[in-house]
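Peer 1: One file is attached below, data_9.cif, containing mmCIF, C-alpha atoms, pLDDT in the B column; chains and numbers go by the auth columns.
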data_final
#
loop_
_atom_site.group_PDB
_atom_site.id
_atom_site.type_symbol
_atom_site.label_atom_id
_atom_site.label_comp_id
_atom_site.label_asym_id
_atom_site.label_seq_id
_atom_site.Cartn_x
_atom_site.Cartn_y
_atom_site.Cartn_z
_atom_site.B_iso_or_equiv
_atom_site.auth_seq_id
_atom_site.auth_asym_id
ATOM 1 C CA MET A 1 -13.041 -20.453 -54.279 46.00 1 A
ATOM 2 C CA ALA A 2 -13.845 -22.307 -57.496 49.00 2 A
ATOM 3 C CA ASP A 3 -11.397 -24.729 -59.037 46.00 3 A
ATOM 4 C CA THR A 4 -9.595 -23.265 -62.071 48.00 4 A
ATOM 5 C CA ALA A 5 -10.207 -26.387 -64.146 48.00 5 A
ATOM 6 C CA THR A 6 -13.927 -26.229 -63.392 51.00 6 A
ATOM 7 C CA ARG A 7 -14.134 -22.606 -64.506 50.00 7 A
ATOM 8 C CA ALA A 8 -12.129 -23.308 -67.655 50.00 8 A
ATOM 9 C CA SER A 9 -14.471 -26.080 -68.761 54.00 9 A
ATOM 10 C CA LYS A 10 -17.386 -23.643 -68.774 57.00 10 A
ATOM 11 C CA ARG A 11 -15.709 -21.353 -71.316 61.00 11 A
ATOM 12 C CA ASP A 12 -16.674 -23.221 -74.461 63.00 12 A
ATOM 13 C CA SER A 13 -17.814 -20.273 -76.545 74.00 13 A
ATOM 14 C CA HIS A 14 -15.578 -17.838 -78.379 84.00 14 A
ATOM 15 C CA VAL A 15 -16.644 -14.566 -79.906 92.00 15 A
ATOM 16 C CA ILE A 16 -14.871 -13.339 -83.018 95.00 16 A
ATOM 17 C CA ILE A 17 -14.837 -9.577 -83.419 96.00 17 A
ATOM 18 C CA PHE A 18 -14.675 -8.417 -87.030 97.00 18 A
ATOM 19 C CA LYS A 19 -13.612 -5.006 -88.261 97.00 19 A
ATOM 20 C CA ASN A 20 -16.643 -4.676 -90.524 97.00 20 A
ATOM 21 C CA ARG A 21 -19.114 -6.744 -92.566 98.00 21 A
ATOM 22 C CA GLU A 22 -16.641 -7.180 -95.432 98.00 22 A
ATOM 23 C CA HIS A 23 -14.130 -8.680 -92.996 98.00 23 A
ATOM 24 C CA GLU A 24 -16.696 -11.126 -91.647 98.00 24 A
ATOM 25 C CA LYS A 25 -17.891 -12.094 -95.140 98.00 25 A
ATOM 26 C CA PHE A 26 -14.295 -12.645 -96.280 98.00 26 A
ATOM 27 C CA TYR A 27 -13.540 -14.807 -93.229 98.00 27 A
ATOM 28 C CA LYS A 28 -16.539 -17.069 -93.746 97.00 28 A
ATOM 29 C CA GLU A 29 -15.945 -17.403 -97.481 97.00 29 A
ATOM 30 C CA TYR A 30 -12.201 -17.997 -97.497 97.00 30 A
ATOM 31 C CA LEU A 31 -11.950 -20.213 -94.436 97.00 31 A
ATOM 32 C CA GLN A 32 -13.993 -22.766 -96.368 96.00 32 A
ATOM 33 C CA LYS A 33 -11.402 -22.652 -99.177 96.00 33 A
ATOM 34 C CA CYS A 34 -8.560 -23.648 -96.832 95.00 34 A
ATOM 35 C CA ARG A 35 -7.436 -27.271 -96.763 92.00 35 A
ATOM 36 C CA TYR A 36 -7.810 -27.247 -92.983 93.00 36 A
ATOM 37 C CA GLN A 37 -9.986 -25.183 -90.653 93.00 37 A
ATOM 38 C CA ASP A 38 -7.624 -25.360 -87.680 95.00 38 A
ATOM 39 C CA VAL A 39 -6.658 -22.455 -85.442 96.00 39 A
ATOM 40 C CA TYR A 40 -3.688 -21.546 -87.647 96.00 40 A
ATOM 41 C CA HIS A 41 -5.750 -21.216 -90.804 96.00 41 A
ATOM 42 C CA ARG A 42 -8.486 -19.389 -88.920 97.00 42 A
ATOM 43 C CA ALA A 43 -5.902 -16.870 -87.723 97.00 43 A
ATOM 44 C CA LEU A 44 -4.401 -16.547 -91.206 96.00 44 A
ATOM 45 C CA VAL A 45 -7.750 -15.912 -92.895 98.00 45 A
ATOM 46 C CA TYR A 46 -8.801 -13.533 -90.122 98.00 46 A
ATOM 47 C CA CYS A 47 -5.623 -11.463 -90.518 97.00 47 A
ATOM 48 C CA LEU A 48 -5.745 -11.476 -94.313 96.00 48 A
ATOM 49 C CA GLY A 49 -9.320 -10.219 -94.156 98.00 49 A
ATOM 50 C CA ILE A 50 -8.774 -7.216 -91.905 98.00 50 A
ATOM 51 C CA ASP A 51 -7.486 -4.868 -94.604 96.00 51 A
ATOM 52 C CA ARG A 52 -9.178 -4.216 -97.928 97.00 52 A
ATOM 53 C CA ASP A 53 -5.891 -4.488 -99.852 94.00 53 A
ATOM 54 C CA THR A 54 -5.115 -7.964 -98.550 94.00 54 A
ATOM 55 C CA ARG A 55 -8.717 -9.038 -99.147 96.00 55 A
ATOM 56 C CA ASP A 56 -8.514 -7.817 -102.733 96.00 56 A
ATOM 57 C CA HIS A 57 -5.185 -9.586 -103.353 95.00 57 A
ATOM 58 C CA VAL A 58 -5.567 -12.689 -101.189 96.00 58 A
ATOM 59 C CA LYS A 59 -4.984 -15.041 -104.133 94.00 59 A
ATOM 60 C CA GLN A 60 -1.627 -13.370 -104.754 94.00 60 A
ATOM 61 C CA ILE A 61 -0.690 -13.835 -101.092 94.00 61 A
ATOM 62 C CA TYR A 62 -1.949 -17.344 -100.327 95.00 62 A
ATOM 63 C CA ASP A 63 -2.353 -20.423 -102.532 95.00 63 A
ATOM 64 C CA PHE A 64 -5.475 -22.196 -101.322 94.00 64 A
ATOM 65 C CA LYS A 65 -4.766 -25.314 -103.420 93.00 65 A
ATOM 66 C CA THR A 66 -1.301 -26.007 -101.998 94.00 66 A
ATOM 67 C CA GLY A 67 -1.751 -24.327 -98.625 93.00 67 A
ATOM 68 C CA ASN A 68 1.394 -22.244 -99.109 93.00 68 A
ATOM 69 C CA VAL A 69 2.030 -18.549 -98.647 92.00 69 A
ATOM 70 C CA ASN A 70 3.189 -16.865 -101.857 93.00 70 A
ATOM 71 C CA TRP A 71 6.102 -14.899 -100.434 88.00 71 A
ATOM 72 C CA TRP A 72 6.546 -12.923 -103.643 86.00 72 A
ATOM 73 C CA GLY A 73 2.967 -11.685 -103.268 78.00 73 A
ATOM 74 C CA ILE A 74 3.735 -10.064 -99.931 78.00 74 A
ATOM 75 C CA TRP A 75 6.284 -7.722 -101.498 81.00 75 A
ATOM 76 C CA LYS A 76 3.880 -6.369 -104.115 79.00 76 A
ATOM 77 C CA SER A 77 2.831 -2.754 -103.873 80.00 77 A
ATOM 78 C CA TRP A 78 -0.848 -2.582 -104.662 74.00 78 A
#
Before anything else, please render the file you have as structure tokens.

Peer 2:
Amino acid sequence: MADTATRASKRDSHVIIFKNREHEKFYKEYLQKCRYQDVYHRALVYCLGIDRDTRDHVKQIYDFKTGNVNWWGIWKSW
């Protein structure tokens, strides 16, 4: 039986599954605009990019300059 730690060290690659090409394009473009490219911002940009409405209104939802979520933008009905 292989050691768990040994097996874990061999899992260096991660595959991101995108909904469609627009989602992938959005992710690559907007992740670069984030102040940090850590796991939290990767998750945020991934989730914001899943739906067309959030992609179209991302600047109303998230302020890329300050790194803050615009809470008032979440309540908008597009």

Peer 1: Counting only C-alpha atoms, which residue out of A:Phe18, A:Gln60, A:Thr66, A:Trp72 sits closest to Cys47 in chain A?

Peer 2: A:Phe18

Peer 1: Please evaluate the PyMOL selection byres ((chain A and resi 45) around 10) against the structure above and give the resulting residues as number ranges by chain.

Peer 2: A: 23, 26-34, 37, 39-44, 46-50, 55, 58, 62

Peer 1: Could you jot down the CA of Asp56 in chain A to CA of His14 in chain A separation for me, Å, one decimal place?

Peer 2: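 The value is 27.3 Å.
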
Peer 1: Provide the CA of Lys19 in chain A to CA of Ser77 in chain A distance in Å, to one decimal place.

Peer 2: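 Spanning CA of Lys19 in chain A to CA of Ser77 in chain A is a straight-line distance of 22.8 Å.
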
Peer 1: Point out the residue among A:Ile17, A:Arg35, A:Glu24, A:Asp53 with the least atom-to-atom distance to Trp78 in chain A, counting only C-alpha atoms.

Peer 2: A:Asp53

Peer 1: Would you fill the gaps in range 44-55 of chain A so it has all heavy atoms, then print it as a PDB file, in the frame of the given file?

Peer 2:
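Saved to out18.pdb:
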ATOM      1  N   LEU A  44      -4.900 -17.064 -89.929  1.00 96.00           N
ATOM      2  CA  LEU A  44      -4.401 -16.547 -91.206  1.00 96.00           C
ATOM      3  C   LEU A  44      -5.503 -15.832 -91.975  1.00 96.00           C
ATOM      4  O   LEU A  44      -5.339 -14.687 -92.409  1.00 96.00           O
ATOM      5  CB  LEU A  44      -3.833 -17.685 -92.048  1.00 96.00           C
ATOM      6  CG  LEU A  44      -3.416 -17.299 -93.464  1.00 96.00           C
ATOM      7  CD1 LEU A  44      -2.198 -16.382 -93.439  1.00 96.00           C
ATOM      8  CD2 LEU A  44      -3.138 -18.544 -94.282  1.00 96.00           C
ATOM      9  N   VAL A  45      -6.640 -16.502 -92.137  1.00 98.00           N
ATOM     10  CA  VAL A  45      -7.750 -15.912 -92.895  1.00 98.00           C
ATOM     11  C   VAL A  45      -8.286 -14.674 -92.184  1.00 98.00           C
ATOM     12  O   VAL A  45      -8.606 -13.670 -92.830  1.00 98.00           O
ATOM     13  CB  VAL A  45      -8.867 -16.962 -93.126  1.00 98.00           C
ATOM     14  CG1 VAL A  45     -10.092 -16.329 -93.769  1.00 98.00           C
ATOM     15  CG2 VAL A  45      -8.340 -18.100 -93.982  1.00 98.00           C
ATOM     16  N   TYR A  46      -8.351 -14.702 -90.869  1.00 98.00           N
ATOM     17  CA  TYR A  46      -8.801 -13.533 -90.122  1.00 98.00           C
ATOM     18  C   TYR A  46      -7.888 -12.339 -90.404  1.00 98.00           C
ATOM     19  O   TYR A  46      -8.354 -11.252 -90.716  1.00 98.00           O
ATOM     20  CB  TYR A  46      -8.828 -13.838 -88.615  1.00 98.00           C
ATOM     21  CG  TYR A  46      -9.316 -12.675 -87.792  1.00 98.00           C
ATOM     22  CD1 TYR A  46     -10.674 -12.513 -87.538  1.00 98.00           C
ATOM     23  CD2 TYR A  46      -8.437 -11.729 -87.283  1.00 98.00           C
ATOM     24  CE1 TYR A  46     -11.141 -11.442 -86.802  1.00 98.00           C
ATOM     25  CE2 TYR A  46      -8.886 -10.650 -86.539  1.00 98.00           C
ATOM     26  CZ  TYR A  46     -10.239 -10.514 -86.305  1.00 98.00           C
ATOM     27  OH  TYR A  46     -10.692  -9.439 -85.580  1.00 98.00           O
ATOM     28  N   CYS A  47      -6.581 -12.561 -90.304  1.00 97.00           N
ATOM     29  CA  CYS A  47      -5.623 -11.463 -90.518  1.00 97.00           C
ATOM     30  C   CYS A  47      -5.622 -10.971 -91.956  1.00 97.00           C
ATOM     31  O   CYS A  47      -5.546  -9.763 -92.210  1.00 97.00           O
ATOM     32  CB  CYS A  47      -4.221 -11.901 -90.113  1.00 97.00           C
ATOM     33  SG  CYS A  47      -4.040 -12.120 -88.334  1.00 97.00           S
ATOM     34  N   LEU A  48      -5.707 -11.882 -92.906  1.00 96.00           N
ATOM     35  CA  LEU A  48      -5.745 -11.476 -94.313  1.00 96.00           C
ATOM     36  C   LEU A  48      -7.008 -10.671 -94.634  1.00 96.00           C
ATOM     37  O   LEU A  48      -7.009  -9.863 -95.554  1.00 96.00           O
ATOM     38  CB  LEU A  48      -5.667 -12.693 -95.229  1.00 96.00           C
ATOM     39  CG  LEU A  48      -4.322 -13.399 -95.299  1.00 96.00           C
ATOM     40  CD1 LEU A  48      -4.445 -14.689 -96.094  1.00 96.00           C
ATOM     41  CD2 LEU A  48      -3.261 -12.495 -95.896  1.00 96.00           C
ATOM     42  N   GLY A  49      -8.057 -10.892 -93.883  1.00 98.00           N
ATOM     43  CA  GLY A  49      -9.320 -10.219 -94.156  1.00 98.00           C
ATOM     44  C   GLY A  49      -9.502  -8.867 -93.496  1.00 98.00           C
ATOM     45  O   GLY A  49     -10.454  -8.145 -93.815  1.00 98.00           O
ATOM     46  N   ILE A  50      -8.600  -8.482 -92.623  1.00 98.00           N
ATOM     47  CA  ILE A  50      -8.774  -7.216 -91.905  1.00 98.00           C
ATOM     48  C   ILE A  50      -8.696  -6.015 -92.843  1.00 98.00           C
ATOM     49  O   ILE A  50      -9.531  -5.117 -92.801  1.00 98.00           O
ATOM     50  CB  ILE A  50      -7.726  -7.079 -90.775  1.00 98.00           C
ATOM     51  CG1 ILE A  50      -8.000  -8.109 -89.678  1.00 98.00           C
ATOM     52  CG2 ILE A  50      -7.747  -5.669 -90.186  1.00 98.00           C
ATOM     53  CD1 ILE A  50      -6.922  -8.173 -88.621  1.00 98.00           C
ATOM     54  N   ASP A  51      -7.725  -6.012 -93.729  1.00 96.00           N
ATOM     55  CA  ASP A  51      -7.486  -4.868 -94.604  1.00 96.00           C
ATOM     56  C   ASP A  51      -8.052  -5.117 -96.002  1.00 96.00           C
ATOM     57  O   ASP A  51      -7.978  -6.231 -96.521  1.00 96.00           O
ATOM     58  CB  ASP A  51      -5.977  -4.605 -94.698  1.00 96.00           C
ATOM     59  CG  ASP A  51      -5.673  -3.363 -95.490  1.00 96.00           C
ATOM     60  OD1 ASP A  51      -6.027  -2.260 -95.028  1.00 96.00           O
ATOM     61  OD2 ASP A  51      -5.099  -3.500 -96.589  1.00 96.00           O
ATOM     62  N   ARG A  52      -8.597  -4.095 -96.603  1.00 97.00           N
ATOM     63  CA  ARG A  52      -9.178  -4.216 -97.928  1.00 97.00           C
ATOM     64  C   ARG A  52      -8.146  -4.652 -98.969  1.00 97.00           C
ATOM     65  O   ARG A  52      -8.431  -5.464 -99.853  1.00 97.00           O
ATOM     66  CB  ARG A  52      -9.829  -2.903 -98.364  1.00 97.00           C
ATOM     67  CG  ARG A  52     -10.648  -3.068 -99.660  1.00 97.00           C
ATOM     68  CD  ARG A  52     -11.160  -1.757-100.220  1.00 97.00           C
ATOM     69  NE  ARG A  52     -10.099  -1.217-101.071  1.00 97.00           N
ATOM     70  CZ  ARG A  52      -9.591   0.009-100.982  1.00 97.00           C
ATOM     71  NH1 ARG A  52     -10.044   0.848-100.100  1.00 97.00           N
ATOM     72  NH2 ARG A  52      -8.644   0.409-101.786  1.00 97.00           N
ATOM     73  N   ASP A  53      -6.929  -4.135 -98.874  1.00 94.00           N
ATOM     74  CA  ASP A  53      -5.891  -4.488 -99.852  1.00 94.00           C
ATOM     75  C   ASP A  53      -5.562  -5.980 -99.811  1.00 94.00           C
ATOM     76  O   ASP A  53      -5.432  -6.614-100.854  1.00 94.00           O
ATOM     77  CB  ASP A  53      -4.616  -3.674 -99.620  1.00 94.00           C
ATOM     78  CG  ASP A  53      -4.754  -2.237-100.091  1.00 94.00           C
ATOM     79  OD1 ASP A  53      -5.591  -1.970-100.978  1.00 94.00           O
ATOM     80  OD2 ASP A  53      -4.029  -1.381 -99.558  1.00 94.00           O
ATOM     81  N   THR A  54      -5.414  -6.535 -98.625  1.00 94.00           N
ATOM     82  CA  THR A  54      -5.115  -7.964 -98.550  1.00 94.00           C
ATOM     83  C   THR A  54      -6.324  -8.804 -98.952  1.00 94.00           C
ATOM     84  O   THR A  54      -6.153  -9.878 -99.531  1.00 94.00           O
ATOM     85  CB  THR A  54      -4.607  -8.373 -97.153  1.00 94.00           C
ATOM     86  OG1 THR A  54      -5.547  -7.970 -96.159  1.00 94.00           O
ATOM     87  CG2 THR A  54      -3.242  -7.770 -96.880  1.00 94.00           C
ATOM     88  N   ARG A  55      -7.520  -8.321 -98.675  1.00 96.00           N
ATOM     89  CA  ARG A  55      -8.717  -9.038 -99.147  1.00 96.00           C
ATOM     90  C   ARG A  55      -8.752  -9.058-100.666  1.00 96.00           C
ATOM     91  O   ARG A  55      -9.028 -10.086-101.274  1.00 96.00           O
ATOM     92  CB  ARG A  55     -10.001  -8.371 -98.626  1.00 96.00           C
ATOM     93  CG  ARG A  55     -10.308  -8.636 -97.187  1.00 96.00           C
ATOM     94  CD  ARG A  55     -11.745  -8.261 -96.835  1.00 96.00           C
ATOM     95  NE  ARG A  55     -12.089  -6.889 -97.136  1.00 96.00           N
ATOM     96  CZ  ARG A  55     -12.022  -5.878 -96.278  1.00 96.00           C
ATOM     97  NH1 ARG A  55     -11.593  -6.098 -95.045  1.00 96.00           N
ATOM     98  NH2 ARG A  55     -12.384  -4.676 -96.626  1.00 96.00           N
TER      99      ARG A  55
END
